[in-house]
$ cat run_22.cif   # mmCIF, N, CA and C atoms and all ligand atoms
data_final
loop_
_atom_site.label_atom_id
_atom_site.label_comp_id
_atom_site.auth_asym_id
_atom_site.auth_seq_id
_atom_site.Cartn_x
_atom_site.Cartn_y
_atom_site.Cartn_z
N MET A 1 -13.74 2.58 -2.07
CA MET A 1 -13.40 3.10 -3.38
C MET A 1 -14.60 3.86 -3.96
N ARG A 2 -14.35 4.84 -4.79
CA ARG A 2 -15.43 5.62 -5.39
C ARG A 2 -15.02 6.00 -6.79
N SER A 3 -16.03 6.37 -7.60
CA SER A 3 -15.68 6.77 -8.96
C SER A 3 -15.00 8.13 -8.92
N ASN A 4 -14.27 8.45 -9.95
CA ASN A 4 -13.48 9.67 -10.01
C ASN A 4 -14.40 10.86 -10.25
N PRO A 5 -14.41 11.85 -9.33
CA PRO A 5 -15.28 13.02 -9.53
C PRO A 5 -14.92 13.79 -10.80
N GLU A 6 -13.72 13.57 -11.30
CA GLU A 6 -13.31 14.27 -12.53
C GLU A 6 -13.83 13.59 -13.78
N GLY A 7 -14.49 12.44 -13.64
CA GLY A 7 -15.03 11.78 -14.82
C GLY A 7 -14.49 10.38 -14.95
N GLU A 8 -13.66 10.12 -15.95
CA GLU A 8 -13.07 8.81 -16.21
C GLU A 8 -12.31 8.29 -15.01
N GLY A 9 -12.33 6.98 -14.85
CA GLY A 9 -11.41 6.36 -13.91
C GLY A 9 -11.97 6.12 -12.54
N TRP A 10 -11.08 5.87 -11.62
CA TRP A 10 -11.43 5.30 -10.35
C TRP A 10 -10.46 5.81 -9.30
N VAL A 11 -10.98 6.31 -8.21
CA VAL A 11 -10.10 6.77 -7.12
C VAL A 11 -10.18 5.75 -6.00
N PRO A 12 -9.09 5.04 -5.74
CA PRO A 12 -9.15 3.97 -4.74
C PRO A 12 -9.35 4.49 -3.32
N ASN A 13 -10.00 3.66 -2.54
CA ASN A 13 -10.17 3.85 -1.11
C ASN A 13 -8.79 3.93 -0.45
N ILE A 14 -8.57 4.95 0.39
CA ILE A 14 -7.28 5.01 1.10
C ILE A 14 -7.46 4.84 2.62
N THR A 15 -8.61 4.27 3.02
CA THR A 15 -8.73 3.89 4.43
C THR A 15 -8.15 2.50 4.62
N GLN A 16 -8.12 2.04 5.86
CA GLN A 16 -7.55 0.72 6.16
C GLN A 16 -8.27 -0.42 5.46
N ALA A 17 -9.52 -0.16 4.99
CA ALA A 17 -10.24 -1.22 4.29
C ALA A 17 -9.45 -1.65 3.06
N ALA A 18 -8.76 -0.72 2.43
CA ALA A 18 -8.01 -1.04 1.21
C ALA A 18 -6.50 -1.02 1.43
N LEU A 19 -6.02 -0.21 2.39
CA LEU A 19 -4.58 -0.02 2.54
C LEU A 19 -4.01 -0.74 3.75
N LYS A 20 -4.68 -1.80 4.19
CA LYS A 20 -4.20 -2.48 5.41
C LYS A 20 -2.81 -3.08 5.23
N ASP A 21 -2.44 -3.39 4.00
CA ASP A 21 -1.11 -3.95 3.76
C ASP A 21 -0.03 -2.88 3.60
N TYR A 22 -0.41 -1.61 3.58
CA TYR A 22 0.57 -0.52 3.49
C TYR A 22 1.03 -0.14 4.90
N SER A 23 2.33 -0.16 5.14
CA SER A 23 2.87 0.36 6.39
C SER A 23 2.96 1.89 6.28
N ASP A 24 3.24 2.54 7.40
CA ASP A 24 3.50 3.99 7.34
C ASP A 24 4.58 4.29 6.31
N LYS A 25 5.63 3.46 6.35
CA LYS A 25 6.76 3.66 5.44
C LYS A 25 6.34 3.53 3.99
N ASP A 26 5.44 2.58 3.70
CA ASP A 26 4.96 2.39 2.32
C ASP A 26 4.22 3.64 1.84
N ILE A 27 3.42 4.24 2.72
CA ILE A 27 2.67 5.44 2.34
C ILE A 27 3.63 6.61 2.12
N VAL A 28 4.60 6.75 3.03
CA VAL A 28 5.61 7.82 2.88
C VAL A 28 6.34 7.66 1.55
N TYR A 29 6.72 6.42 1.24
CA TYR A 29 7.45 6.12 0.00
C TYR A 29 6.60 6.45 -1.23
N LEU A 30 5.32 6.05 -1.18
CA LEU A 30 4.41 6.36 -2.29
C LEU A 30 4.30 7.87 -2.48
N LEU A 31 4.11 8.61 -1.40
CA LEU A 31 3.90 10.06 -1.49
C LEU A 31 5.17 10.77 -1.99
N GLU A 32 6.33 10.14 -1.77
CA GLU A 32 7.57 10.74 -2.26
C GLU A 32 7.86 10.37 -3.71
N THR A 33 7.63 9.09 -4.04
CA THR A 33 8.12 8.58 -5.33
C THR A 33 7.01 8.23 -6.34
N GLY A 34 5.78 8.01 -5.86
CA GLY A 34 4.72 7.54 -6.75
C GLY A 34 4.76 6.04 -6.96
N ASN A 35 5.64 5.34 -6.23
CA ASN A 35 5.74 3.88 -6.36
C ASN A 35 5.01 3.18 -5.22
N THR A 36 4.30 2.12 -5.57
CA THR A 36 3.61 1.32 -4.56
C THR A 36 4.58 0.26 -4.02
N PRO A 37 4.25 -0.36 -2.87
CA PRO A 37 5.14 -1.39 -2.33
C PRO A 37 5.29 -2.59 -3.28
N GLU A 38 4.33 -2.78 -4.18
CA GLU A 38 4.44 -3.91 -5.13
C GLU A 38 5.36 -3.58 -6.30
N GLY A 39 5.91 -2.36 -6.31
CA GLY A 39 6.80 -1.99 -7.40
C GLY A 39 6.09 -1.41 -8.61
N ASP A 40 4.79 -1.16 -8.43
CA ASP A 40 4.01 -0.53 -9.48
C ASP A 40 4.10 0.99 -9.27
N SER A 41 3.65 1.78 -10.23
CA SER A 41 3.61 3.22 -9.98
C SER A 41 2.22 3.75 -10.29
N VAL A 42 1.81 4.79 -9.57
CA VAL A 42 0.46 5.33 -9.74
C VAL A 42 0.48 6.43 -10.80
N GLY A 43 -0.63 6.53 -11.51
CA GLY A 43 -0.75 7.54 -12.56
C GLY A 43 -2.08 8.24 -12.46
N GLY A 44 -2.56 8.74 -13.56
CA GLY A 44 -3.87 9.39 -13.61
C GLY A 44 -3.96 10.56 -12.65
N ALA A 45 -5.08 10.63 -11.94
CA ALA A 45 -5.31 11.75 -11.02
C ALA A 45 -4.32 11.74 -9.87
N MET A 46 -3.61 10.62 -9.69
CA MET A 46 -2.63 10.51 -8.61
C MET A 46 -1.33 11.24 -8.95
N ALA A 47 -1.09 11.48 -10.24
CA ALA A 47 0.19 12.11 -10.64
C ALA A 47 0.35 13.52 -10.06
N PRO A 48 -0.66 14.39 -10.18
CA PRO A 48 -0.50 15.71 -9.56
C PRO A 48 -0.42 15.65 -8.04
N VAL A 49 -1.03 14.63 -7.45
CA VAL A 49 -0.92 14.47 -5.98
C VAL A 49 0.55 14.24 -5.63
N ILE A 50 1.18 13.29 -6.34
CA ILE A 50 2.60 12.97 -6.06
C ILE A 50 3.51 14.15 -6.40
N ARG A 51 3.16 14.86 -7.48
CA ARG A 51 3.95 16.05 -7.85
C ARG A 51 4.03 17.01 -6.66
N ASN A 52 2.95 17.12 -5.93
CA ASN A 52 2.91 18.01 -4.76
C ASN A 52 3.55 17.36 -3.54
N THR A 53 3.12 16.13 -3.22
CA THR A 53 3.60 15.53 -1.97
C THR A 53 5.10 15.22 -2.04
N SER A 54 5.65 15.05 -3.25
CA SER A 54 7.09 14.80 -3.38
C SER A 54 7.91 16.03 -2.96
N GLN A 55 7.27 17.19 -2.92
CA GLN A 55 7.98 18.42 -2.56
C GLN A 55 7.83 18.78 -1.08
N LEU A 56 7.05 17.98 -0.36
CA LEU A 56 6.92 18.24 1.08
C LEU A 56 8.18 17.80 1.81
N THR A 57 8.31 18.19 3.06
CA THR A 57 9.41 17.68 3.87
C THR A 57 9.08 16.22 4.24
N PRO A 58 10.11 15.41 4.49
CA PRO A 58 9.87 14.04 4.95
C PRO A 58 8.96 13.99 6.18
N GLN A 59 9.12 14.98 7.06
CA GLN A 59 8.28 15.02 8.27
C GLN A 59 6.80 15.20 7.91
N ASP A 60 6.52 16.02 6.92
CA ASP A 60 5.13 16.23 6.52
C ASP A 60 4.54 14.97 5.88
N ARG A 61 5.34 14.27 5.05
CA ARG A 61 4.84 13.01 4.46
C ARG A 61 4.59 11.99 5.55
N GLU A 62 5.46 11.94 6.54
CA GLU A 62 5.29 11.01 7.66
C GLU A 62 4.01 11.35 8.42
N ALA A 63 3.77 12.65 8.64
CA ALA A 63 2.55 13.06 9.35
C ALA A 63 1.30 12.64 8.56
N MET A 64 1.34 12.76 7.23
CA MET A 64 0.21 12.34 6.41
C MET A 64 -0.01 10.84 6.54
N ALA A 65 1.08 10.08 6.54
CA ALA A 65 0.97 8.62 6.65
C ALA A 65 0.36 8.23 8.00
N VAL A 66 0.82 8.86 9.06
CA VAL A 66 0.29 8.56 10.40
C VAL A 66 -1.20 8.86 10.45
N TYR A 67 -1.58 9.99 9.85
CA TYR A 67 -3.00 10.37 9.83
C TYR A 67 -3.82 9.35 9.04
N ILE A 68 -3.35 9.02 7.85
CA ILE A 68 -4.11 8.09 7.00
C ILE A 68 -4.27 6.74 7.70
N LYS A 69 -3.18 6.27 8.36
CA LYS A 69 -3.26 4.99 9.07
C LYS A 69 -4.18 5.07 10.29
N SER A 70 -4.45 6.28 10.78
CA SER A 70 -5.31 6.42 11.96
C SER A 70 -6.79 6.39 11.60
N LEU A 71 -7.12 6.49 10.31
CA LEU A 71 -8.52 6.56 9.92
C LEU A 71 -9.20 5.21 10.04
N PRO A 72 -10.47 5.19 10.45
CA PRO A 72 -11.18 3.91 10.51
C PRO A 72 -11.41 3.36 9.10
N PRO A 73 -11.46 2.03 8.97
CA PRO A 73 -11.73 1.46 7.65
C PRO A 73 -13.12 1.83 7.18
N VAL A 74 -13.24 2.24 5.95
CA VAL A 74 -14.54 2.54 5.35
C VAL A 74 -14.66 1.67 4.11
N GLU A 75 -15.70 0.82 4.09
CA GLU A 75 -15.90 -0.04 2.92
C GLU A 75 -16.53 0.76 1.79
N GLY A 76 -16.23 0.41 0.59
CA GLY A 76 -16.84 1.06 -0.57
C GLY A 76 -17.08 0.05 -1.65
N PRO A 77 -17.61 0.50 -2.80
CA PRO A 77 -17.82 -0.45 -3.90
C PRO A 77 -16.49 -1.00 -4.40
N LYS A 78 -16.54 -2.18 -4.98
CA LYS A 78 -15.34 -2.83 -5.52
C LYS A 78 -14.84 -2.10 -6.76
N LYS A 79 -13.53 -2.21 -6.98
CA LYS A 79 -12.92 -1.63 -8.18
C LYS A 79 -13.52 -2.32 -9.41
N PRO A 80 -13.96 -1.54 -10.40
CA PRO A 80 -14.53 -2.18 -11.60
C PRO A 80 -13.46 -2.96 -12.35
N GLU A 81 -13.90 -3.97 -13.12
CA GLU A 81 -12.98 -4.73 -13.97
C GLU A 81 -12.34 -3.79 -14.98
N LYS A 82 -11.08 -4.06 -15.33
CA LYS A 82 -10.41 -3.26 -16.38
C LYS A 82 -11.15 -3.42 -17.69
N ARG A 83 -11.38 -2.29 -18.37
CA ARG A 83 -12.05 -2.36 -19.66
C ARG A 83 -11.02 -2.40 -20.78
C1 LIG B 1 -2.76 11.94 0.59
C2 LIG B 1 -3.64 11.66 -0.32
C3 LIG B 1 -3.61 10.37 -1.10
C4 LIG B 1 -3.06 9.17 -0.81
C5 LIG B 1 -2.31 8.73 0.44
C6 LIG B 1 -3.34 8.30 -1.92
C7 LIG B 1 -2.96 6.98 -2.01
C8 LIG B 1 -3.13 6.19 -3.11
C9 LIG B 1 -2.70 4.82 -3.22
C10 LIG B 1 -2.05 4.02 -2.11
C11 LIG B 1 -2.99 4.40 -4.46
C12 LIG B 1 -2.72 3.00 -5.05
C13 LIG B 1 -3.90 2.12 -4.74
C14 LIG B 1 -3.74 0.73 -5.30
O1 LIG B 1 -2.78 0.45 -6.01
O2 LIG B 1 -4.61 -0.09 -4.98
C15 LIG B 1 -3.62 5.50 -5.15
C16 LIG B 1 -4.07 5.46 -6.45
C17 LIG B 1 -4.84 6.44 -7.03
N1 LIG B 1 -5.20 7.63 -6.47
FE1 LIG B 1 -4.53 8.35 -4.74
N2 LIG B 1 -4.05 9.00 -2.87
C18 LIG B 1 -4.24 10.26 -2.39
C19 LIG B 1 -4.93 11.28 -2.99
C20 LIG B 1 -5.61 11.17 -4.19
C21 LIG B 1 -6.44 12.19 -4.79
C22 LIG B 1 -6.72 13.56 -4.17
C23 LIG B 1 -6.90 11.68 -5.96
C24 LIG B 1 -7.83 12.25 -7.00
C25 LIG B 1 -8.19 13.47 -7.09
C26 LIG B 1 -6.35 10.36 -6.12
C27 LIG B 1 -6.56 9.53 -7.19
C28 LIG B 1 -6.00 8.31 -7.36
C29 LIG B 1 -6.17 7.49 -8.56
C30 LIG B 1 -6.99 7.87 -9.79
C31 LIG B 1 -5.43 6.33 -8.36
C32 LIG B 1 -5.25 5.17 -9.34
C33 LIG B 1 -3.98 5.47 -10.08
C34 LIG B 1 -3.52 4.36 -10.97
O3 LIG B 1 -4.23 3.37 -11.08
O4 LIG B 1 -2.42 4.51 -11.54
N3 LIG B 1 -5.57 10.08 -5.03
N4 LIG B 1 -3.70 6.57 -4.31
#
$ encode --input "run_22.cif" --output "structure tokens"
Amino acid sequence: MRSNPEGEGWVPNITQAALKDYSDKDIVYLLETGNTPEGDSVGGAMAPVIRNTSQLTPQDREAMAVYIKSLPPVEGPKKPEKR
């Protein structure tokens, strides 16, 4: 995980270190709908990402998921406590 280059907030790690519980299908679903497998939804800097990835073909979202799952885990600093 790393701080948000845009300023406020936090951009979570998307390597296996943080997303090991996400299946390919979970990533595809998130990129299409903005919903996480826990039934939560992503906002902030993630909203424009979903706005774009929701318009891709299912095959392209699947390819992104396969790629993301292929990345080695990279550890980063812990998510800060909610203020
Ligand atoms: C294909 C690219 C991306 C994927 C697969 C992805 C995936 C994810 C996932 C799985 C989460 C939820 C993490 C969690 O709940 O622990 C998340 C949240 C988030 N992502 Fe992304 N992300 C991508 C690109 C980006 C980019 C480019 C940015 C910023 C410029 C970004 C910013 C954020 C932020 C700020 C959150 C937290 C949103 C919230 O708490 O509501 N992401 N992302």
$ atom_distance --input "run_22.cif" --atom1 "atom CA of Pro77 of chain A" --atom2 "atom CA of Lys25 of chain A"
26.6 Å
$ residues_near_ligand --input "run_22.cif" --ligand "ligand LIG 1 (chain B)" --cutoff "5 Å" --atoms "all atoms listed in the file" --output "short mmCIF file (atom, residue, chain, number, x, y, z; two decimals) with N, CA and C atoms, keeping the file's coordinate frame"
data_model
loop_
_atom_site.label_atom_id
_atom_site.label_comp_id
_atom_site.auth_asym_id
_atom_site.auth_seq_id
_atom_site.Cartn_x
_atom_site.Cartn_y
_atom_site.Cartn_z
N TRP A 10 -11.08 5.87 -11.62
CA TRP A 10 -11.43 5.30 -10.35
C TRP A 10 -10.46 5.81 -9.30
N VAL A 11 -10.98 6.31 -8.21
CA VAL A 11 -10.10 6.77 -7.12
C VAL A 11 -10.18 5.75 -6.00
N PRO A 12 -9.09 5.04 -5.74
CA PRO A 12 -9.15 3.97 -4.74
C PRO A 12 -9.35 4.49 -3.32
N SER A 41 3.65 1.78 -10.23
CA SER A 41 3.61 3.22 -9.98
C SER A 41 2.22 3.75 -10.29
N VAL A 42 1.81 4.79 -9.57
CA VAL A 42 0.46 5.33 -9.74
C VAL A 42 0.48 6.43 -10.80
N GLY A 43 -0.63 6.53 -11.51
CA GLY A 43 -0.75 7.54 -12.56
C GLY A 43 -2.08 8.24 -12.46
N GLY A 44 -2.56 8.74 -13.56
CA GLY A 44 -3.87 9.39 -13.61
C GLY A 44 -3.96 10.56 -12.65
N ALA A 45 -5.08 10.63 -11.94
CA ALA A 45 -5.31 11.75 -11.02
C ALA A 45 -4.32 11.74 -9.87
N MET A 46 -3.61 10.62 -9.69
CA MET A 46 -2.63 10.51 -8.61
C MET A 46 -1.33 11.24 -8.95
#
$ residues_around --input "run_22.cif" --residues "Thr15 of chain A" --least-positions-apart "2" --cutoff "6.5 Å" --atoms "only N, CA and C atoms" --output "short mmCIF file (atom, residue, chain, number, x, y, z; two decimals) with N, CA and C atoms, in the coordinates of the input"
data_model
loop_
_atom_site.label_atom_id
_atom_site.label_comp_id
_atom_site.auth_asym_id
_atom_site.auth_seq_id
_atom_site.Cartn_x
_atom_site.Cartn_y
_atom_site.Cartn_z
N PRO A 12 -9.09 5.04 -5.74
CA PRO A 12 -9.15 3.97 -4.74
C PRO A 12 -9.35 4.49 -3.32
N ASN A 13 -10.00 3.66 -2.54
CA ASN A 13 -10.17 3.85 -1.11
C ASN A 13 -8.79 3.93 -0.45
N ALA A 17 -9.52 -0.16 4.99
CA ALA A 17 -10.24 -1.22 4.29
C ALA A 17 -9.45 -1.65 3.06
N ALA A 18 -8.76 -0.72 2.43
CA ALA A 18 -8.01 -1.04 1.21
C ALA A 18 -6.50 -1.02 1.43
N LEU A 19 -6.02 -0.21 2.39
CA LEU A 19 -4.58 -0.02 2.54
C LEU A 19 -4.01 -0.74 3.75
N LYS A 20 -4.68 -1.80 4.19
CA LYS A 20 -4.20 -2.48 5.41
C LYS A 20 -2.81 -3.08 5.23
N ILE A 68 -3.35 9.02 7.85
CA ILE A 68 -4.11 8.09 7.00
C ILE A 68 -4.27 6.74 7.70
N LEU A 71 -7.12 6.49 10.31
CA LEU A 71 -8.52 6.56 9.92
C LEU A 71 -9.20 5.21 10.04
N PRO A 72 -10.47 5.19 10.45
CA PRO A 72 -11.18 3.91 10.51
C PRO A 72 -11.41 3.36 9.10
N PRO A 73 -11.46 2.03 8.97
CA PRO A 73 -11.73 1.46 7.65
C PRO A 73 -13.12 1.83 7.18
N VAL A 74 -13.24 2.24 5.95
CA VAL A 74 -14.54 2.54 5.35
C VAL A 74 -14.66 1.67 4.11
#
$ residues_around --input "run_22.cif" --residues "segment 30-32 of chain A" --least-positions-apart "5" --cutoff "8 Å" --atoms "only N, CA and C atoms" --output "PyMOL selection string"
chain A and resi 24-25+37+42+49-56+61
$ atom_distance --input "run_22.cif" --atom1 "atom CA of Met64 of chain A" --atom2 "atom CA of Tyr29 of chain A"
11.5 Å
$ select_by_dssp --input "run_22.cif" --residues "chain A" --states "strand (DSSP E or B)" --output "list in words"
Arg2, Ser3, Trp10, Val11, Asn35 and Ser41 of chain A
$ atom_distance --input "run_22.cif" --atom1 "atom N of Gly76 of chain A" --atom2 "atom CA of Gln16 of chain A"
10.3 Å
$ select_by_dssp --input "run_22.cif" --residues "segment 3-73 of chain A" --states "helix (DSSP H, G or I)" --output "number ranges by chain"
A: 16-19, 24-33, 46-53, 58-70
